[in-house]
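Enquirer: This is the structure I have questions about; it appears just below.
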Protein chains: 2
Amino acid sequence: MTTQKGYRAPVLADVARAARVSVPTVSRVLNGTKYVAPELAGRVHEAIERLGYRPNGAARSMRSGRRTLVSVFAGATANYGYARTLQGIETAARKAGMSVTITVVESGEDDDVKRAIDLALAQPTAGAIVLEFDRAGINARHMLPDGLPVIVAGGGSRRPGGVPAALIDERTAARKATEYLLRLGHRTVHHIAGPTAGKHSGRTDGWRAALTDAKIPVPAVMNAEWDVTSGFRWGERIAGRDDVTAVLCGNDEIAIGLMRALADRGIHVPRDISVVGFDDQPLVAMWQPSLTTVDQDFEDLGERAFTMLEQLVDGDMTATSSVVVPQLVVRESTAPPRG
Amino acid sequence: MTTQKGYRAPVLADVARAARVSVPTVSRVLNGTKYVAPELAGRVHEAIERLGYRPNGAARSMRSGRRTLVSVFAGATANYGYARTLQGIETAARKAGMSVTITVVESGEDDDVKRAIDLALAQPTAGAIVLEFDRAGINARHMLPDGLPVIVAGGGSRRPGGVPAALIDERTAARKATEYLLRLGHRTVHHIAGPTAGKHSGRTDGWRAALTDAKIPVPAVMNAEWDVTSGFRWGERIAGRDDVTAVLCGNDEIAIGLMRALADRGIHVPRDISVVGFDDQPLVAMWQPSLTTVDQDFEDLGERAFTMLEQLVDGDMTATSSVVVPQLVVRESTAPPRG
DNA sequence: CCTGTCTGGGATATCGTTATCCTACATACG
DNA sequence: CGTATGTAGGATAACGATATCCCAGACAGG
């Protein structure tokens, strides 16, 4: 540890002095913008190595205008879907030589959104990716300054409000899951929804569309949070009803909570009730019974979002929208209804 | 959308002109470093609002030397523990007005580590938090430049190599979990370990210490990855053995995979075999049987790490180490052995 | 031999902000 | 009344890099 009180990080001028060349020459060696004689370049490299020089990103991005920081806005970070999407963004960004900052938008309130944006954009930001799985994300998009390249990543099925987007088509996926349950012979399918992003939740919409198309009256939506406890509580209620034979859950947590509550009350899944989740978290395949769910490739979503942002930042405006339809993974938690 | 081709973000000079004051005065209004006449301050605020001015962070941090970016290095991001720790860091940082960048260190190889560090430190970084749950993190710490404030966050029980650290004492937790199983009457406790961070894994060490103290021969460690599949494979093997009555797993994923494999082979948990996990992910409380596990407060860990880093950056060197011992949460997956 | 083109590299301007210095004026004090 | 003290705000320098300009020398062609 050579950490001293008066330590000052070496700057370009120090390198130039040590290598007995001018400051711009060092810069040219670093950026390869012009030919530099091998002899000088060698001296420069040696000096850089010896002094442990590291370019100052602030100065660099200020003068050159190039920014290498991407801001991600999200309503949460630790949830499975968010975390995986973030992972995809980080991986793609790192390959492209860019860094990622993550800023949580506490709520959809204007104050929280504004604070989050001010904080994030206090850094030299090339562009933003907004994770629109909830209201916080949607409001964040609306309040971002004009002129900043923005990509939306989320669960919609079409691009939101003129902003290019990377999407997972949850609507179609929910529709396919519902149709699958109907094909198994269920008279209807019930739905426990997570907190919706405004009026529209792709998952809920797809479920509703499938029922409507099949000319089946749409049962009341059961509203819940995204956590296991919510699912458990609905399980307690559903256990007392005999009109429910199939449930499409807003996510895997809800499904698992539901199944536990049902099991505690002696209701067998899938014999008595079929359950479908959403997300395909690694754990749910190990459940007893293993969970039929929708496999969402969040990591791919993140990578697509970053790639589009990169194009946008480079001035390639052709980036419009990219939609992937996730697949239903059939496991043990679904079966034809009894009798 | 007023996004035009030739759009240029307003700078301080634009605001100054609009408010008919000098550039430094605008800066003073923004930073409150000196009294400014209310009249002028009002004009400045109005101009800022009208132009949608936003300070350029690069220029700011360059001139003032103040940095508001914290770099987190981690071997992964989407795993439960990493994601929650990150969440804790982000929350604390946001409250303190700082942003967080996350950089994944792909492996412990010098090349990967160096690349990750170069990328992250290309930004104006105030300090770094290294997540030391694996070898990648540990190597990252060693290669960080001198002079950069660094805090380690991880599962050790004492501060690693002179660097201040926020820790979760996994060793003591694993010891307590093992002692609990022994108290239930198990003759010995087996252990499935995740990929260890070098020689020492607190979880494995604590397990070994508990057995040694009880004068029980230490069984061979079963090595696994952190995922459910690893646990499942060990379950297949353990099912054929009758000397295993209690298993301490490196994390919850392994425990769940293990339990599923056992269940598939007609082995009942906890009657035939007791299983203990590590982490207390939200889902595992809903398992059948619900999982006895060690509750690790990762979010708190992240907050502690950030707070310590903040002190370090502010020149307060008194910060040394902060250790929390996580609690065992007893649920349904553990019981006395048969007979 | 003169001129034009190319190449390597130094001198200097510049990015947007904050730190430092300085001036003008008002007020207070001996 | 002269000087010390304080306040408000402008002028200017500086942070660390890159962009631009420019000059010296090498070399080719007429």
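Residues in the structure tokens are named by chain (A, B, ... in the order shown) and by number from 1 within that chain; ligands are numbered from 1 in the order shown.
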Could I get the residues of chain C with an atom no further than 10 Å from an atom of stretch 14-18 of chain D, each paired with its nearest atom pair and that distance in Å to one decimal, using only C-alpha atoms (C1' of nucleotides), sorted by chain and residue number, as CSV?
Expert:
```
residue,atom,partner,partner_atom,distance
C:DT14,C1',D:DT18,C1',8.9
C:DC15,C1',D:DT18,C1',9.1
C:DT17,C1',D:DC15,C1',9.1
C:DT18,C1',D:DA14,C1',9.0
C:DA19,C1',D:DA14,C1',8.0
C:DT20,C1',D:DA14,C1',9.5
```
Enquirer: Excluding A:Val325 and residues on its chain fewer than 6 positions from it, collect all residues at most 7 Å away from it, counting only C-alpha atoms (C1' of nucleotides), and give them as a PyMOL selection string.
Expert: chain A and resi 168-169+172-173
Enquirer: What residues in chain B lie within 8 Å of chain C, counting only C-alpha atoms (C1' of nucleotides), written as a CSV table (one decimal) with N, CA and C atoms, in the first residue's frame?
Expert:
```csv
chain,number,residue,atom,x,y,z
B,11,VAL,N,-26.2,25.4,-21.5
B,11,VAL,CA,-25.1,25.4,-20.5
B,11,VAL,C,-25.2,26.7,-19.6
B,12,LEU,N,-24.3,26.7,-18.7
B,12,LEU,CA,-24.4,27.8,-17.7
B,12,LEU,C,-24.4,29.2,-18.4
B,24,PRO,N,-20.4,33.0,-13.1
B,24,PRO,CA,-20.2,32.5,-11.7
B,24,PRO,C,-21.4,32.7,-10.8
B,27,SER,N,-23.6,29.8,-11.0
B,27,SER,CA,-23.0,28.7,-10.3
B,27,SER,C,-23.2,28.9,-8.8
B,56,ASN,N,-23.8,20.0,-16.2
B,56,ASN,CA,-23.0,18.9,-16.8
B,56,ASN,C,-22.1,18.3,-15.7
B,59,ALA,N,-18.2,18.2,-16.3
B,59,ALA,CA,-17.5,19.4,-16.1
B,59,ALA,C,-17.4,19.7,-14.6
B,60,ARG,N,-18.5,19.5,-13.9
B,60,ARG,CA,-18.6,19.7,-12.5
B,60,ARG,C,-17.6,18.9,-11.7
B,62,MET,N,-15.0,17.5,-12.8
B,62,MET,CA,-13.7,17.8,-13.2
B,62,MET,C,-13.1,19.0,-12.4
B,63,ARG,N,-13.9,20.0,-12.4
B,63,ARG,CA,-13.4,21.2,-11.8
B,63,ARG,C,-13.3,21.1,-10.3
B,64,SER,N,-14.4,20.6,-9.7
B,64,SER,CA,-14.5,20.6,-8.2
B,64,SER,C,-13.8,19.4,-7.6
```
Enquirer: What residues in chain A lie within 7 Å of chain B, counting only C-alpha atoms, written as number ranges by chain?
Expert: A: 1-3, 55-59, 61-62, 77-78, 83-84, 87, 97, 99-102, 119-120, 122-124, 146-147, 228, 253, 256-257, 260, 283, 286
Enquirer: Could you tell me, as number ranges by chain, which residues of stretch 139-268 of chain B DSSP assigns to strand (DSSP E) when given the backbone?
Expert: B: 150-154, 165-168, 190-193, 222-223, 246-249
Enquirer: Could the residues in this selection be written to a file with N, CA and C atoms, as a PDB file, in the first residue's frame?
Expert:
```pdb
ATOM      1  N   VAL B 150     -11.874   1.972  -0.899  1.00  0.00           N
ATOM      2  CA  VAL B 150     -12.514   0.687  -1.176  1.00  0.00           C
ATOM      3  C   VAL B 150     -13.127   0.096   0.089  1.00  0.00           C
ATOM      4  N   ILE B 151     -14.321  -0.425  -0.054  1.00  0.00           N
ATOM      5  CA  ILE B 151     -14.954  -1.177   1.026  1.00  0.00           C
ATOM      6  C   ILE B 151     -15.282  -2.559   0.479  1.00  0.00           C
ATOM      7  N   VAL B 152     -15.062  -3.555   1.310  1.00  0.00           N
ATOM      8  CA  VAL B 152     -15.445  -4.908   0.940  1.00  0.00           C
ATOM      9  C   VAL B 152     -16.786  -5.231   1.584  1.00  0.00           C
ATOM     10  N   ALA B 153     -17.663  -5.857   0.817  1.00  0.00           N
ATOM     11  CA  ALA B 153     -18.906  -6.358   1.412  1.00  0.00           C
ATOM     12  C   ALA B 153     -18.943  -7.846   1.151  1.00  0.00           C
ATOM     13  N   GLY B 154     -19.176  -8.631   2.176  1.00  0.00           N
ATOM     14  CA  GLY B 154     -19.156 -10.068   1.940  1.00  0.00           C
ATOM     15  C   GLY B 154     -19.515 -10.887   3.149  1.00  0.00           C
ATOM     16  N   ALA B 165     -14.421  -3.361   5.962  1.00  0.00           N
ATOM     17  CA  ALA B 165     -15.411  -4.226   5.350  1.00  0.00           C
ATOM     18  C   ALA B 165     -16.727  -4.221   6.101  1.00  0.00           C
ATOM     19  N   ALA B 166     -17.799  -4.413   5.352  1.00  0.00           N
ATOM     20  CA  ALA B 166     -19.107  -4.691   5.949  1.00  0.00           C
ATOM     21  C   ALA B 166     -19.345  -6.176   5.739  1.00  0.00           C
ATOM     22  N   LEU B 167     -19.635  -6.867   6.802  1.00  0.00           N
ATOM     23  CA  LEU B 167     -19.672  -8.324   6.709  1.00  0.00           C
ATOM     24  C   LEU B 167     -20.941  -8.929   7.286  1.00  0.00           C
ATOM     25  N   ILE B 168     -21.264 -10.089   6.760  1.00  0.00           N
ATOM     26  CA  ILE B 168     -22.269 -10.945   7.376  1.00  0.00           C
ATOM     27  C   ILE B 168     -21.500 -12.167   7.860  1.00  0.00           C
ATOM     28  N   HIS B 190     -24.066 -33.435   7.156  1.00  0.00           N
ATOM     29  CA  HIS B 190     -23.341 -33.340   5.892  1.00  0.00           C
ATOM     30  C   HIS B 190     -23.496 -31.943   5.311  1.00  0.00           C
ATOM     31  N   HIS B 191     -22.644 -31.638   4.336  1.00  0.00           N
ATOM     32  CA  HIS B 191     -22.611 -30.260   3.846  1.00  0.00           C
ATOM     33  C   HIS B 191     -22.387 -30.231   2.340  1.00  0.00           C
ATOM     34  N   ILE B 192     -23.292 -29.565   1.640  1.00  0.00           N
ATOM     35  CA  ILE B 192     -23.099 -29.312   0.210  1.00  0.00           C
ATOM     36  C   ILE B 192     -22.649 -27.865   0.063  1.00  0.00           C
ATOM     37  N   ALA B 193     -21.429 -27.671  -0.435  1.00  0.00           N
ATOM     38  CA  ALA B 193     -20.857 -26.325  -0.507  1.00  0.00           C
ATOM     39  C   ALA B 193     -20.962 -25.759  -1.909  1.00  0.00           C
ATOM     40  N   MET B 222     -19.399 -32.005   0.040  1.00  0.00           N
ATOM     41  CA  MET B 222     -19.962 -32.273  -1.287  1.00  0.00           C
ATOM     42  C   MET B 222     -19.925 -30.954  -2.059  1.00  0.00           C
ATOM     43  N   ASN B 223     -19.173 -30.917  -3.138  1.00  0.00           N
ATOM     44  CA  ASN B 223     -19.013 -29.668  -3.874  1.00  0.00           C
ATOM     45  C   ASN B 223     -20.076 -29.485  -4.950  1.00  0.00           C
ATOM     46  N   ALA B 246     -28.880 -35.435   7.929  1.00  0.00           N
ATOM     47  CA  ALA B 246     -29.034 -33.983   8.003  1.00  0.00           C
ATOM     48  C   ALA B 246     -28.053 -33.336   7.038  1.00  0.00           C
ATOM     49  N   VAL B 247     -28.540 -32.368   6.262  1.00  0.00           N
ATOM     50  CA  VAL B 247     -27.687 -31.717   5.271  1.00  0.00           C
ATOM     51  C   VAL B 247     -27.776 -30.203   5.412  1.00  0.00           C
ATOM     52  N   LEU B 248     -26.612 -29.565   5.559  1.00  0.00           N
ATOM     53  CA  LEU B 248     -26.540 -28.103   5.537  1.00  0.00           C
ATOM     54  C   LEU B 248     -26.135 -27.694   4.123  1.00  0.00           C
ATOM     55  N   CYS B 249     -26.981 -26.931   3.467  1.00  0.00           N
ATOM     56  CA  CYS B 249     -26.710 -26.582   2.069  1.00  0.00           C
ATOM     57  C   CYS B 249     -26.106 -25.183   1.958  1.00  0.00           C
TER      58      CYS B 249
END
```
Enquirer: From the DSSP assignment of the backbone, select every residue of stretch 12-153 of chain B that is alpha helix (DSSP H), and format the answer as a ChimeraX atom specification.
Expert: /B:12-19,23-31,38-51,57-64,80-95,110-121,135-143
Enquirer: For a quick test of understanding: name the residues of chain D lying within 7 Å of chain B when counting only C-alpha atoms (C1' of nucleotides), and present them as a list in words.
Expert: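 Result: DA8, DG9, DG10 and DC15 of chain D.
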Enquirer: Generate a file of the selected residues that holds N, CA and C atoms (P, O5', C5', C4', C3', O3' and C1' of nucleotides), formatted as a CSV table (one decimal), in the first residue's frame.
Expert:
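File written: part19.csv
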```csv
chain,number,residue,atom,x,y,z
D,8,DA,P,-24.8,40.0,0.4
D,8,DA,O5',-24.5,40.4,-1.0
D,8,DA,C5',-24.9,41.7,-1.5
D,8,DA,C4',-24.4,41.9,-2.9
D,8,DA,C3',-24.6,40.7,-3.8
D,8,DA,O3',-25.2,41.2,-5.0
D,8,DA,C1',-22.4,41.3,-3.8
D,9,DG,P,-25.8,40.2,-6.1
D,9,DG,O5',-24.6,40.2,-7.1
D,9,DG,C5',-24.2,41.4,-7.8
D,9,DG,C4',-22.9,41.2,-8.4
D,9,DG,C3',-22.8,40.0,-9.4
D,9,DG,O3',-22.4,40.5,-10.6
D,9,DG,C1',-21.0,40.1,-8.0
D,10,DG,P,-22.7,39.7,-12.0
D,10,DG,O5',-21.5,40.1,-12.8
D,10,DG,C5',-21.1,41.5,-12.9
D,10,DG,C4',-19.6,41.6,-13.0
D,10,DG,C3',-19.0,40.8,-14.1
D,10,DG,O3',-18.1,41.6,-14.9
D,10,DG,C1',-17.9,40.3,-12.0
D,15,DC,P,-4.7,23.4,-12.9
D,15,DC,O5',-5.7,22.2,-12.9
D,15,DC,C5',-6.6,21.9,-11.8
D,15,DC,C4',-7.7,21.1,-12.3
D,15,DC,C3',-7.4,20.1,-13.3
D,15,DC,O3',-7.3,18.8,-12.6
D,15,DC,C1',-9.4,21.3,-13.9
```
Enquirer: Any idea what the distance is between atom CA of B:Val323 and atom CA of B:Arg208?
Expert: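 A separation of 20.6 Å between them.
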